[in-house]
Structures are given as C-alpha cells and as structure tokens.
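Working notes, beginning with the structure itself.
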Amino acid sequence: MAGIELTSDAFSDHAFLARRYAYEGENASPPLTWSGVPDDAAELVLLCEDPDAPSGTFVHWVVVGIDPHSDGVEAGKPPPGGTELVNGFGEREWGGPHPPPGDDAHHYFIRLYALAEPCVLPDAPSADQVHRAVDERQLASGTLVALYQR
C-alpha cells in the first residue's frame with residue numbers, strides 16, 4: 001500500500017503541540033500538508049485520536065469527504081470539501097488535546113486515509129468505527145503524531 005506524507009508547520013512527528021492547538025488554548029486545528037495521494041482516490045478521511053485517554057481511545061477530529069486533489073488544510077479551518085463529524089467532546093469540529101493534568105504526555109495520532117470509494121460513518125463515530133470503515137477502502141494512508149501534556 002502506498003504512503004501519504006503527512007506533515008505540519010506547527011510541529012514535527014512525535015513532538016509537542018503548542019497550547020494554541022489544545023482544548024484549553026485557542027482550540028485551533030493545526031495546519032496540515034499532505035502529498036502522495038493516489039490519483040484514483042475518491043475521498044480523503046482525517047482522524048485524530050488519543051489512545052492514551054483514561055476511558056479508552058478518544059476521538060478529537062473526524063472529517064470525511066475531503067477533496068482528494070487537495071494538498072492540505074490551514075490552521076483552524078476544516079479540510080477542503082470535508083464534513084466534520086461529532087468528536088468525543090460532542091462538537092462538530094477539531095477538539096484539541098485535553099489530557100488529565102499530571103498525566104504523562106498523551107499521543108495524538110493524526111491519520112489521513114485515501115479511499116477508493118466514499119465511506120459511510122455514524123454522525124459521532126468511535127475510532128474503531130472509523131478504522132473498520134476505512135480498512136476495506138484504503139488505497140494509502142499517512143500518520144503524524146503530536147504529543148501534549150498538562
């Protein structure tokens with residue numbers, strides 16, 4: 001399977017994310033840039049999840065229907081053509097990192113999937129539901145990990 005290169009001007013892979021992007025900060029989504037999307041992709045799906053959350057994997061952002069010909073998204077904006085689904089905070093937008101105070105740094109996996117055909121997800125999907133939906137349709141993917149601690 002081909003790989004998508006997913007990067008950000010706001011942080012490097014496995015580096016700390018600035019408070020601006022955290023839930024208690026400005027709660028702005030970080031800027032992302034991608035390349036290597038297969039020409040035959042029908043849509044892109046973006047997922048940000050925190051597997052270190054005390055109650056199980058927490059969904060911070062799910063966006064479906066992203067234009068497969070796009071190459072990124074600006075800070076604080078939804079991806080081009082994308083539809084934001086309900087995150088773990090009950091909001092239809094980016095929900096920045098918000099780990100319990102005193103926890104070790106949490107890992108925030110930002111994953112971009114190129115799909116051969118559009119996927120259908122519930123309005124407030126769990127991370128497992130997203131993974132199951134994209135697994136069968138995935139042409140390529142890329143992952144970028146941010147760290148955050150309070």
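By convention here, the chains of the structure tokens are called A, B, ... in the order presented, each chain's residues are numbered starting at 1, and ligands are numbered starting at 1 in the order presented.
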
I need the residues of segment 12-117 of chain A that end up classed as strand (DSSP E or B) by DSSP on the backbone, written out as an mmCIF file with all heavy atoms, in the first residue's frame.
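Output file out34.cif is given in full below:
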```
data_model
loop_
_atom_site.group_PDB
_atom_site.id
_atom_site.type_symbol
_atom_site.label_atom_id
_atom_site.label_comp_id
_atom_site.auth_asym_id
_atom_site.auth_seq_id
_atom_site.Cartn_x
_atom_site.Cartn_y
_atom_site.Cartn_z
ATOM 1 N N ALA A 15 6.548 15.262 18.265
ATOM 2 C CA ALA A 15 6.957 16.449 19.020
ATOM 3 C C ALA A 15 5.733 17.050 19.704
ATOM 4 O O ALA A 15 4.591 16.723 19.377
ATOM 5 C CB ALA A 15 7.589 17.473 18.080
ATOM 6 N N PHE A 16 5.987 17.926 20.673
ATOM 7 C CA PHE A 16 4.900 18.539 21.428
ATOM 8 C C PHE A 16 4.155 19.581 20.599
ATOM 9 O O PHE A 16 4.748 20.342 19.845
ATOM 10 C CB PHE A 16 5.421 19.169 22.727
ATOM 11 C CG PHE A 16 5.615 18.155 23.809
ATOM 12 C CD1 PHE A 16 6.813 17.466 23.923
ATOM 13 C CD2 PHE A 16 4.581 17.864 24.686
ATOM 14 C CE1 PHE A 16 6.988 16.513 24.918
ATOM 15 C CE2 PHE A 16 4.744 16.909 25.679
ATOM 16 C CZ PHE A 16 5.960 16.228 25.794
ATOM 17 N N LEU A 32 -2.005 21.319 8.321
ATOM 18 C CA LEU A 32 -1.504 20.042 7.822
ATOM 19 C C LEU A 32 -1.251 20.153 6.323
ATOM 20 O O LEU A 32 -1.981 20.854 5.617
ATOM 21 C CB LEU A 32 -2.528 18.926 8.072
ATOM 22 C CG LEU A 32 -2.902 18.640 9.521
ATOM 23 C CD1 LEU A 32 -4.078 17.679 9.584
ATOM 24 C CD2 LEU A 32 -1.711 18.104 10.298
ATOM 25 N N THR A 33 -0.237 19.448 5.874
ATOM 26 C CA THR A 33 0.080 19.371 4.447
ATOM 27 C C THR A 33 0.250 17.897 4.111
ATOM 28 O O THR A 33 0.804 17.138 4.908
ATOM 29 C CB THR A 33 1.391 20.118 4.143
ATOM 30 O OG1 THR A 33 1.262 21.466 4.577
ATOM 31 C CG2 THR A 33 1.700 20.106 2.667
ATOM 32 N N TRP A 34 -0.250 17.517 2.924
ATOM 33 C CA TRP A 34 -0.075 16.120 2.524
ATOM 34 C C TRP A 34 0.283 16.014 1.051
ATOM 35 O O TRP A 34 -0.007 16.912 0.257
ATOM 36 C CB TRP A 34 -1.303 15.279 2.848
ATOM 37 C CG TRP A 34 -2.622 15.813 2.365
ATOM 38 C CD1 TRP A 34 -3.137 15.727 1.109
ATOM 39 C CD2 TRP A 34 -3.610 16.491 3.151
ATOM 40 N NE1 TRP A 34 -4.385 16.312 1.051
ATOM 41 C CE2 TRP A 34 -4.700 16.794 2.301
ATOM 42 C CE3 TRP A 34 -3.687 16.882 4.479
ATOM 43 C CZ2 TRP A 34 -5.836 17.447 2.741
ATOM 44 C CZ3 TRP A 34 -4.819 17.538 4.923
ATOM 45 C CH2 TRP A 34 -5.877 17.812 4.057
ATOM 46 N N SER A 35 0.931 14.905 0.730
ATOM 47 C CA SER A 35 1.283 14.591 -0.655
ATOM 48 C C SER A 35 1.300 13.071 -0.799
ATOM 49 O O SER A 35 1.323 12.342 0.199
ATOM 50 C CB SER A 35 2.652 15.180 -1.017
ATOM 51 O OG SER A 35 3.664 14.620 -0.204
ATOM 52 N N GLU A 43 -12.016 9.923 -2.065
ATOM 53 C CA GLU A 43 -12.117 10.888 -0.973
ATOM 54 C C GLU A 43 -10.998 10.649 0.018
ATOM 55 O O GLU A 43 -10.383 9.584 0.036
ATOM 56 C CB GLU A 43 -13.470 10.820 -0.272
ATOM 57 C CG GLU A 43 -13.615 9.689 0.723
ATOM 58 C CD GLU A 43 -14.867 9.800 1.599
ATOM 59 O OE1 GLU A 43 -15.660 10.739 1.454
ATOM 60 O OE2 GLU A 43 -15.044 8.912 2.442
ATOM 61 N N LEU A 44 -10.770 11.647 0.860
ATOM 62 C CA LEU A 44 -9.841 11.528 1.974
ATOM 63 C C LEU A 44 -10.644 11.584 3.270
ATOM 64 O O LEU A 44 -11.668 12.268 3.342
ATOM 65 C CB LEU A 44 -8.817 12.667 1.959
ATOM 66 C CG LEU A 44 -7.960 12.810 0.706
ATOM 67 C CD1 LEU A 44 -7.042 14.023 0.827
ATOM 68 C CD2 LEU A 44 -7.164 11.553 0.438
ATOM 69 N N VAL A 45 -10.167 10.858 4.267
ATOM 70 C CA VAL A 45 -10.775 10.871 5.599
ATOM 71 C C VAL A 45 -9.661 11.188 6.592
ATOM 72 O O VAL A 45 -8.570 10.605 6.531
ATOM 73 C CB VAL A 45 -11.424 9.507 5.939
ATOM 74 C CG1 VAL A 45 -11.861 9.461 7.394
ATOM 75 C CG2 VAL A 45 -12.602 9.251 5.021
ATOM 76 N N LEU A 46 -9.930 12.110 7.506
ATOM 77 C CA LEU A 46 -8.970 12.522 8.514
ATOM 78 C C LEU A 46 -9.486 12.125 9.888
ATOM 79 O O LEU A 46 -10.661 12.348 10.203
ATOM 80 C CB LEU A 46 -8.791 14.041 8.437
ATOM 81 C CG LEU A 46 -7.739 14.686 9.319
ATOM 82 C CD1 LEU A 46 -6.340 14.214 8.950
ATOM 83 C CD2 LEU A 46 -7.816 16.200 9.184
ATOM 84 N N LEU A 47 -8.612 11.535 10.687
ATOM 85 C CA LEU A 47 -8.957 11.120 12.046
ATOM 86 C C LEU A 47 -7.847 11.557 12.984
ATOM 87 O O LEU A 47 -6.675 11.334 12.697
ATOM 88 C CB LEU A 47 -9.107 9.587 12.109
ATOM 89 C CG LEU A 47 -9.201 8.949 13.497
ATOM 90 C CD1 LEU A 47 -10.485 9.356 14.208
ATOM 91 C CD2 LEU A 47 -9.100 7.432 13.396
ATOM 92 N N CYS A 48 -8.214 12.177 14.104
ATOM 93 C CA CYS A 48 -7.265 12.441 15.190
ATOM 94 C C CYS A 48 -7.790 11.739 16.420
ATOM 95 O O CYS A 48 -8.929 11.969 16.841
ATOM 96 C CB CYS A 48 -7.104 13.938 15.464
ATOM 97 S SG CYS A 48 -5.958 14.247 16.834
ATOM 98 N N GLU A 49 -6.959 10.859 16.986
ATOM 99 C CA GLU A 49 -7.379 10.061 18.136
ATOM 100 C C GLU A 49 -6.289 10.032 19.200
ATOM 101 O O GLU A 49 -5.110 10.152 18.887
ATOM 102 C CB GLU A 49 -7.711 8.641 17.689
ATOM 103 C CG GLU A 49 -6.555 7.929 17.020
ATOM 104 C CD GLU A 49 -6.913 6.567 16.470
ATOM 105 O OE1 GLU A 49 -7.548 5.780 17.178
ATOM 106 O OE2 GLU A 49 -6.524 6.287 15.317
ATOM 107 N N ASP A 50 -6.716 9.889 20.449
ATOM 108 C CA ASP A 50 -5.812 9.790 21.596
ATOM 109 C C ASP A 50 -6.005 8.423 22.242
ATOM 110 O O ASP A 50 -6.946 8.229 23.014
ATOM 111 C CB ASP A 50 -6.110 10.903 22.600
ATOM 112 C CG ASP A 50 -5.339 10.758 23.911
ATOM 113 O OD1 ASP A 50 -4.434 9.902 24.009
ATOM 114 O OD2 ASP A 50 -5.656 11.505 24.862
ATOM 115 N N PHE A 58 -9.916 8.240 22.535
ATOM 116 C CA PHE A 58 -10.781 9.416 22.445
ATOM 117 C C PHE A 58 -10.629 10.037 21.063
ATOM 118 O O PHE A 58 -9.508 10.243 20.585
ATOM 119 C CB PHE A 58 -10.384 10.435 23.523
ATOM 120 C CG PHE A 58 -11.338 11.579 23.670
ATOM 121 C CD1 PHE A 58 -12.398 11.491 24.562
ATOM 122 C CD2 PHE A 58 -11.186 12.744 22.935
ATOM 123 C CE1 PHE A 58 -13.290 12.555 24.714
ATOM 124 C CE2 PHE A 58 -12.063 13.803 23.074
ATOM 125 C CZ PHE A 58 -13.119 13.707 23.972
ATOM 126 N N VAL A 59 -11.757 10.354 20.423
ATOM 127 C CA VAL A 59 -11.759 10.950 19.085
ATOM 128 C C VAL A 59 -11.766 12.474 19.209
ATOM 129 O O VAL A 59 -12.677 13.051 19.792
ATOM 130 C CB VAL A 59 -12.980 10.470 18.271
ATOM 131 C CG1 VAL A 59 -13.086 11.217 16.957
ATOM 132 C CG2 VAL A 59 -12.909 8.973 18.038
ATOM 133 N N HIS A 60 -10.742 13.102 18.623
ATOM 134 C CA HIS A 60 -10.622 14.557 18.664
ATOM 135 C C HIS A 60 -11.097 15.231 17.379
ATOM 136 O O HIS A 60 -11.482 16.392 17.408
ATOM 137 C CB HIS A 60 -9.177 14.965 18.951
ATOM 138 C CG HIS A 60 -8.789 14.723 20.369
ATOM 139 N ND1 HIS A 60 -8.910 15.669 21.346
ATOM 140 C CD2 HIS A 60 -8.328 13.603 20.984
ATOM 141 C CE1 HIS A 60 -8.523 15.167 22.503
ATOM 142 N NE2 HIS A 60 -8.163 13.913 22.312
ATOM 143 N N TRP A 61 -11.049 14.494 16.260
ATOM 144 C CA TRP A 61 -11.460 15.091 14.989
ATOM 145 C C TRP A 61 -11.709 13.984 13.988
ATOM 146 O O TRP A 61 -10.888 13.082 13.837
ATOM 147 C CB TRP A 61 -10.362 16.013 14.469
ATOM 148 C CG TRP A 61 -10.747 17.111 13.529
ATOM 149 C CD1 TRP A 61 -11.976 17.639 13.310
ATOM 150 C CD2 TRP A 61 -9.846 17.858 12.689
ATOM 151 N NE1 TRP A 61 -11.899 18.669 12.399
ATOM 152 C CE2 TRP A 61 -10.605 18.823 12.001
ATOM 153 C CE3 TRP A 61 -8.483 17.804 12.463
ATOM 154 C CZ2 TRP A 61 -10.043 19.728 11.100
ATOM 155 C CZ3 TRP A 61 -7.919 18.701 11.568
ATOM 156 C CH2 TRP A 61 -8.705 19.659 10.893
ATOM 157 N N VAL A 62 -12.845 14.035 13.316
ATOM 158 C CA VAL A 62 -13.136 13.144 12.194
ATOM 159 C C VAL A 62 -13.708 14.002 11.076
ATOM 160 O O VAL A 62 -14.679 14.729 11.276
ATOM 161 C CB VAL A 62 -14.164 12.044 12.545
ATOM 162 C CG1 VAL A 62 -14.426 11.161 11.331
ATOM 163 C CG2 VAL A 62 -13.704 11.200 13.714
ATOM 164 N N VAL A 63 -13.079 13.910 9.906
ATOM 165 C CA VAL A 63 -13.544 14.662 8.736
ATOM 166 C C VAL A 63 -13.615 13.691 7.563
ATOM 167 O O VAL A 63 -12.627 13.017 7.251
ATOM 168 C CB VAL A 63 -12.604 15.839 8.386
ATOM 169 C CG1 VAL A 63 -13.223 16.695 7.286
ATOM 170 C CG2 VAL A 63 -12.310 16.687 9.621
ATOM 171 N N VAL A 64 -14.775 13.607 6.935
ATOM 172 C CA VAL A 64 -14.967 12.741 5.766
ATOM 173 C C VAL A 64 -15.205 13.609 4.533
ATOM 174 O O VAL A 64 -15.491 14.794 4.643
ATOM 175 C CB VAL A 64 -16.155 11.767 5.961
ATOM 176 C CG1 VAL A 64 -15.895 10.823 7.127
ATOM 177 C CG2 VAL A 64 -17.455 12.523 6.181
ATOM 178 N N GLY A 65 -15.068 12.992 3.356
ATOM 179 C CA GLY A 65 -15.381 13.692 2.115
ATOM 180 C C GLY A 65 -14.392 14.764 1.714
ATOM 181 O O GLY A 65 -14.714 15.658 0.926
ATOM 182 N N ILE A 66 -13.169 14.692 2.218
ATOM 183 C CA ILE A 66 -12.159 15.697 1.871
ATOM 184 C C ILE A 66 -11.769 15.517 0.401
ATOM 185 O O ILE A 66 -11.596 14.394 -0.078
ATOM 186 C CB ILE A 66 -10.919 15.547 2.771
ATOM 187 C CG1 ILE A 66 -11.316 15.718 4.248
ATOM 188 C CG2 ILE A 66 -9.844 16.556 2.381
ATOM 189 C CD1 ILE A 66 -10.231 15.317 5.225
ATOM 190 N N GLY A 72 -3.711 19.990 1.609
ATOM 191 C CA GLY A 72 -3.542 20.399 2.999
ATOM 192 C C GLY A 72 -4.695 21.232 3.513
ATOM 193 O O GLY A 72 -5.693 21.433 2.822
ATOM 194 N N VAL A 73 -4.519 21.681 4.745
ATOM 195 C CA VAL A 73 -5.538 22.482 5.412
ATOM 196 C C VAL A 73 -4.844 23.517 6.296
ATOM 197 O O VAL A 73 -3.827 23.223 6.929
ATOM 198 C CB VAL A 73 -6.501 21.586 6.225
ATOM 199 C CG1 VAL A 73 -5.773 20.766 7.277
ATOM 200 C CG2 VAL A 73 -7.606 22.402 6.866
ATOM 201 N N THR A 83 -16.514 17.185 5.555
ATOM 202 C CA THR A 83 -17.623 17.300 6.502
ATOM 203 C C THR A 83 -17.123 16.822 7.858
ATOM 204 O O THR A 83 -16.706 15.667 7.992
ATOM 205 C CB THR A 83 -18.813 16.428 6.056
ATOM 206 O OG1 THR A 83 -19.258 16.879 4.775
ATOM 207 C CG2 THR A 83 -19.954 16.500 7.058
ATOM 208 N N GLU A 84 -17.162 17.711 8.841
ATOM 209 C CA GLU A 84 -16.706 17.361 10.184
ATOM 210 C C GLU A 84 -17.818 16.609 10.912
ATOM 211 O O GLU A 84 -18.966 17.054 10.943
ATOM 212 C CB GLU A 84 -16.326 18.622 10.955
ATOM 213 C CG GLU A 84 -15.122 19.326 10.345
ATOM 214 C CD GLU A 84 -14.826 20.666 10.979
ATOM 215 O OE1 GLU A 84 -15.708 21.559 10.928
ATOM 216 O OE2 GLU A 84 -13.721 20.819 11.527
ATOM 217 N N HIS A 106 0.325 12.591 26.366
ATOM 218 C CA HIS A 106 -0.533 11.739 25.544
ATOM 219 C C HIS A 106 -0.077 11.844 24.093
ATOM 220 O O HIS A 106 0.490 12.852 23.679
ATOM 221 C CB HIS A 106 -1.996 12.171 25.655
ATOM 222 C CG HIS A 106 -2.650 11.741 26.919
ATOM 223 N ND1 HIS A 106 -3.992 11.434 26.990
ATOM 224 C CD2 HIS A 106 -2.163 11.556 28.173
ATOM 225 C CE1 HIS A 106 -4.305 11.089 28.221
ATOM 226 N NE2 HIS A 106 -3.207 11.166 28.964
ATOM 227 N N HIS A 107 -0.341 10.780 23.326
ATOM 228 C CA HIS A 107 -0.012 10.717 21.900
ATOM 229 C C HIS A 107 -1.286 10.963 21.097
ATOM 230 O O HIS A 107 -2.279 10.263 21.300
ATOM 231 C CB HIS A 107 0.567 9.353 21.544
ATOM 232 C CG HIS A 107 1.837 9.041 22.255
ATOM 233 N ND1 HIS A 107 1.873 8.651 23.579
ATOM 234 C CD2 HIS A 107 3.115 9.091 21.828
ATOM 235 C CE1 HIS A 107 3.126 8.459 23.935
ATOM 236 N NE2 HIS A 107 3.906 8.709 22.889
ATOM 237 N N TYR A 108 -1.229 11.923 20.195
ATOM 238 C CA TYR A 108 -2.379 12.258 19.350
ATOM 239 C C TYR A 108 -2.034 11.843 17.923
ATOM 240 O O TYR A 108 -1.207 12.472 17.273
ATOM 241 C CB TYR A 108 -2.710 13.751 19.464
ATOM 242 C CG TYR A 108 -3.107 14.072 20.880
ATOM 243 C CD1 TYR A 108 -2.148 14.382 21.837
ATOM 244 C CD2 TYR A 108 -4.430 13.969 21.282
ATOM 245 C CE1 TYR A 108 -2.505 14.602 23.157
ATOM 246 C CE2 TYR A 108 -4.785 14.185 22.601
ATOM 247 C CZ TYR A 108 -3.821 14.500 23.539
ATOM 248 O OH TYR A 108 -4.177 14.702 24.844
ATOM 249 N N PHE A 109 -2.653 10.756 17.490
ATOM 250 C CA PHE A 109 -2.404 10.208 16.157
ATOM 251 C C PHE A 109 -3.318 10.899 15.158
ATOM 252 O O PHE A 109 -4.548 10.773 15.246
ATOM 253 C CB PHE A 109 -2.665 8.699 16.144
ATOM 254 C CG PHE A 109 -1.607 7.909 16.863
ATOM 255 C CD1 PHE A 109 -1.627 7.798 18.248
ATOM 256 C CD2 PHE A 109 -0.592 7.282 16.158
ATOM 257 C CE1 PHE A 109 -0.654 7.072 18.926
ATOM 258 C CE2 PHE A 109 0.386 6.562 16.817
ATOM 259 C CZ PHE A 109 0.365 6.458 18.206
ATOM 260 N N ILE A 110 -2.719 11.638 14.243
ATOM 261 C CA ILE A 110 -3.471 12.281 13.165
ATOM 262 C C ILE A 110 -3.249 11.412 11.937
ATOM 263 O O ILE A 110 -2.111 11.230 11.489
ATOM 264 C CB ILE A 110 -2.983 13.721 12.928
ATOM 265 C CG1 ILE A 110 -3.158 14.548 14.216
ATOM 266 C CG2 ILE A 110 -3.743 14.355 11.763
ATOM 267 C CD1 ILE A 110 -2.524 15.924 14.161
ATOM 268 N N ARG A 111 -4.333 10.840 11.427
ATOM 269 C CA ARG A 111 -4.236 9.896 10.312
ATOM 270 C C ARG A 111 -5.061 10.412 9.131
ATOM 271 O O ARG A 111 -6.200 10.837 9.311
ATOM 272 C CB ARG A 111 -4.764 8.529 10.730
ATOM 273 C CG ARG A 111 -4.076 7.958 11.964
ATOM 274 C CD ARG A 111 -4.692 6.624 12.355
ATOM 275 N NE ARG A 111 -4.352 6.178 13.677
ATOM 276 C CZ ARG A 111 -3.254 5.496 14.003
ATOM 277 N NH1 ARG A 111 -2.365 5.208 13.073
ATOM 278 N NH2 ARG A 111 -3.057 5.103 15.247
ATOM 279 N N LEU A 112 -4.465 10.329 7.957
ATOM 280 C CA LEU A 112 -5.158 10.708 6.732
ATOM 281 C C LEU A 112 -5.232 9.472 5.849
ATOM 282 O O LEU A 112 -4.210 8.821 5.596
ATOM 283 C CB LEU A 112 -4.417 11.832 6.008
ATOM 284 C CG LEU A 112 -5.103 12.357 4.754
ATOM 285 C CD1 LEU A 112 -6.373 13.143 5.118
ATOM 286 C CD2 LEU A 112 -4.160 13.234 3.947
ATOM 287 N N TYR A 113 -6.431 9.149 5.408
ATOM 288 C CA TYR A 113 -6.666 7.970 4.573
ATOM 289 C C TYR A 113 -7.175 8.398 3.199
ATOM 290 O O TYR A 113 -8.075 9.235 3.111
ATOM 291 C CB TYR A 113 -7.730 7.067 5.206
ATOM 292 C CG TYR A 113 -7.387 6.565 6.579
ATOM 293 C CD1 TYR A 113 -7.870 7.221 7.712
ATOM 294 C CD2 TYR A 113 -6.599 5.439 6.754
ATOM 295 C CE1 TYR A 113 -7.570 6.755 8.985
ATOM 296 C CE2 TYR A 113 -6.294 4.974 8.026
ATOM 297 C CZ TYR A 113 -6.784 5.630 9.132
ATOM 298 O OH TYR A 113 -6.477 5.173 10.395
ATOM 299 N N ALA A 114 -6.618 7.805 2.149
ATOM 300 C CA ALA A 114 -7.140 7.954 0.796
ATOM 301 C C ALA A 114 -7.974 6.715 0.515
ATOM 302 O O ALA A 114 -7.489 5.584 0.657
ATOM 303 C CB ALA A 114 -6.003 8.056 -0.215
ATOM 304 N N LEU A 115 -9.240 6.932 0.141
ATOM 305 C CA LEU A 115 -10.158 5.814 -0.051
ATOM 306 C C LEU A 115 -10.546 5.649 -1.508
ATOM 307 O O LEU A 115 -10.698 6.628 -2.240
ATOM 308 C CB LEU A 115 -11.418 6.021 0.786
ATOM 309 C CG LEU A 115 -11.221 6.249 2.284
ATOM 310 C CD1 LEU A 115 -12.565 6.356 2.977
ATOM 311 C CD2 LEU A 115 -10.358 5.172 2.911
#
```

Quiz item: Could you name the residues that touch Pro125 of chain A at 9 Å or less, counting only C-alpha atoms, but leaving out those on the same chain fewer than 3 positions away, as a list in words?
Solution: Val59, Val62, Leu85, Val86, Asn87, Gly88, Leu121, Pro122, Asp128, Gln129 and Val130 of chain A

Quiz item: Quick one, how far is atom CA of Leu147 of chain A from atom CA of Pro38 of chain A?
Solution: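 Between atom CA of Leu147 of chain A and atom CA of Pro38 of chain A the gap is 28.7 Å.
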
Practice problem: Would you mind writing down, as a ChimeraX atom specification, each residue of chain A that DSSP on the backbone assigns to alpha helix (DSSP H)? | Solution: /A:127-135

Output C-alpha atoms for every residue in that selection, as a PDB file, in the first residue's frame.
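Resulting contents of again-v2.pdb:
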```pdb
ATOM      1  CA  ALA A 127     -12.100   5.478  16.426  1.00  0.00           C
ATOM      2  CA  ASP A 128     -12.786   1.742  15.922  1.00  0.00           C
ATOM      3  CA  GLN A 129     -15.727   2.520  13.640  1.00  0.00           C
ATOM      4  CA  VAL A 130     -13.536   4.803  11.539  1.00  0.00           C
ATOM      5  CA  HIS A 131     -10.768   2.194  11.319  1.00  0.00           C
ATOM      6  CA  ARG A 132     -13.220  -0.536  10.267  1.00  0.00           C
ATOM      7  CA  ALA A 133     -14.836   1.713   7.631  1.00  0.00           C
ATOM      8  CA  VAL A 134     -11.562   2.782   6.042  1.00  0.00           C
ATOM      9  CA  ASP A 135      -9.764  -0.583   6.196  1.00  0.00           C
TER      10      ASP A 135
END
```

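Neighbours of Ala18 of chain A closer than or equal to 10 Å, with only C-alpha atoms counted and sequence neighbours fewer than 6 positions away skipped, come out as Ala10, Phe11, Gly25, Pro30, Pro97, Ala146, Leu147 and Tyr148 of chain A.
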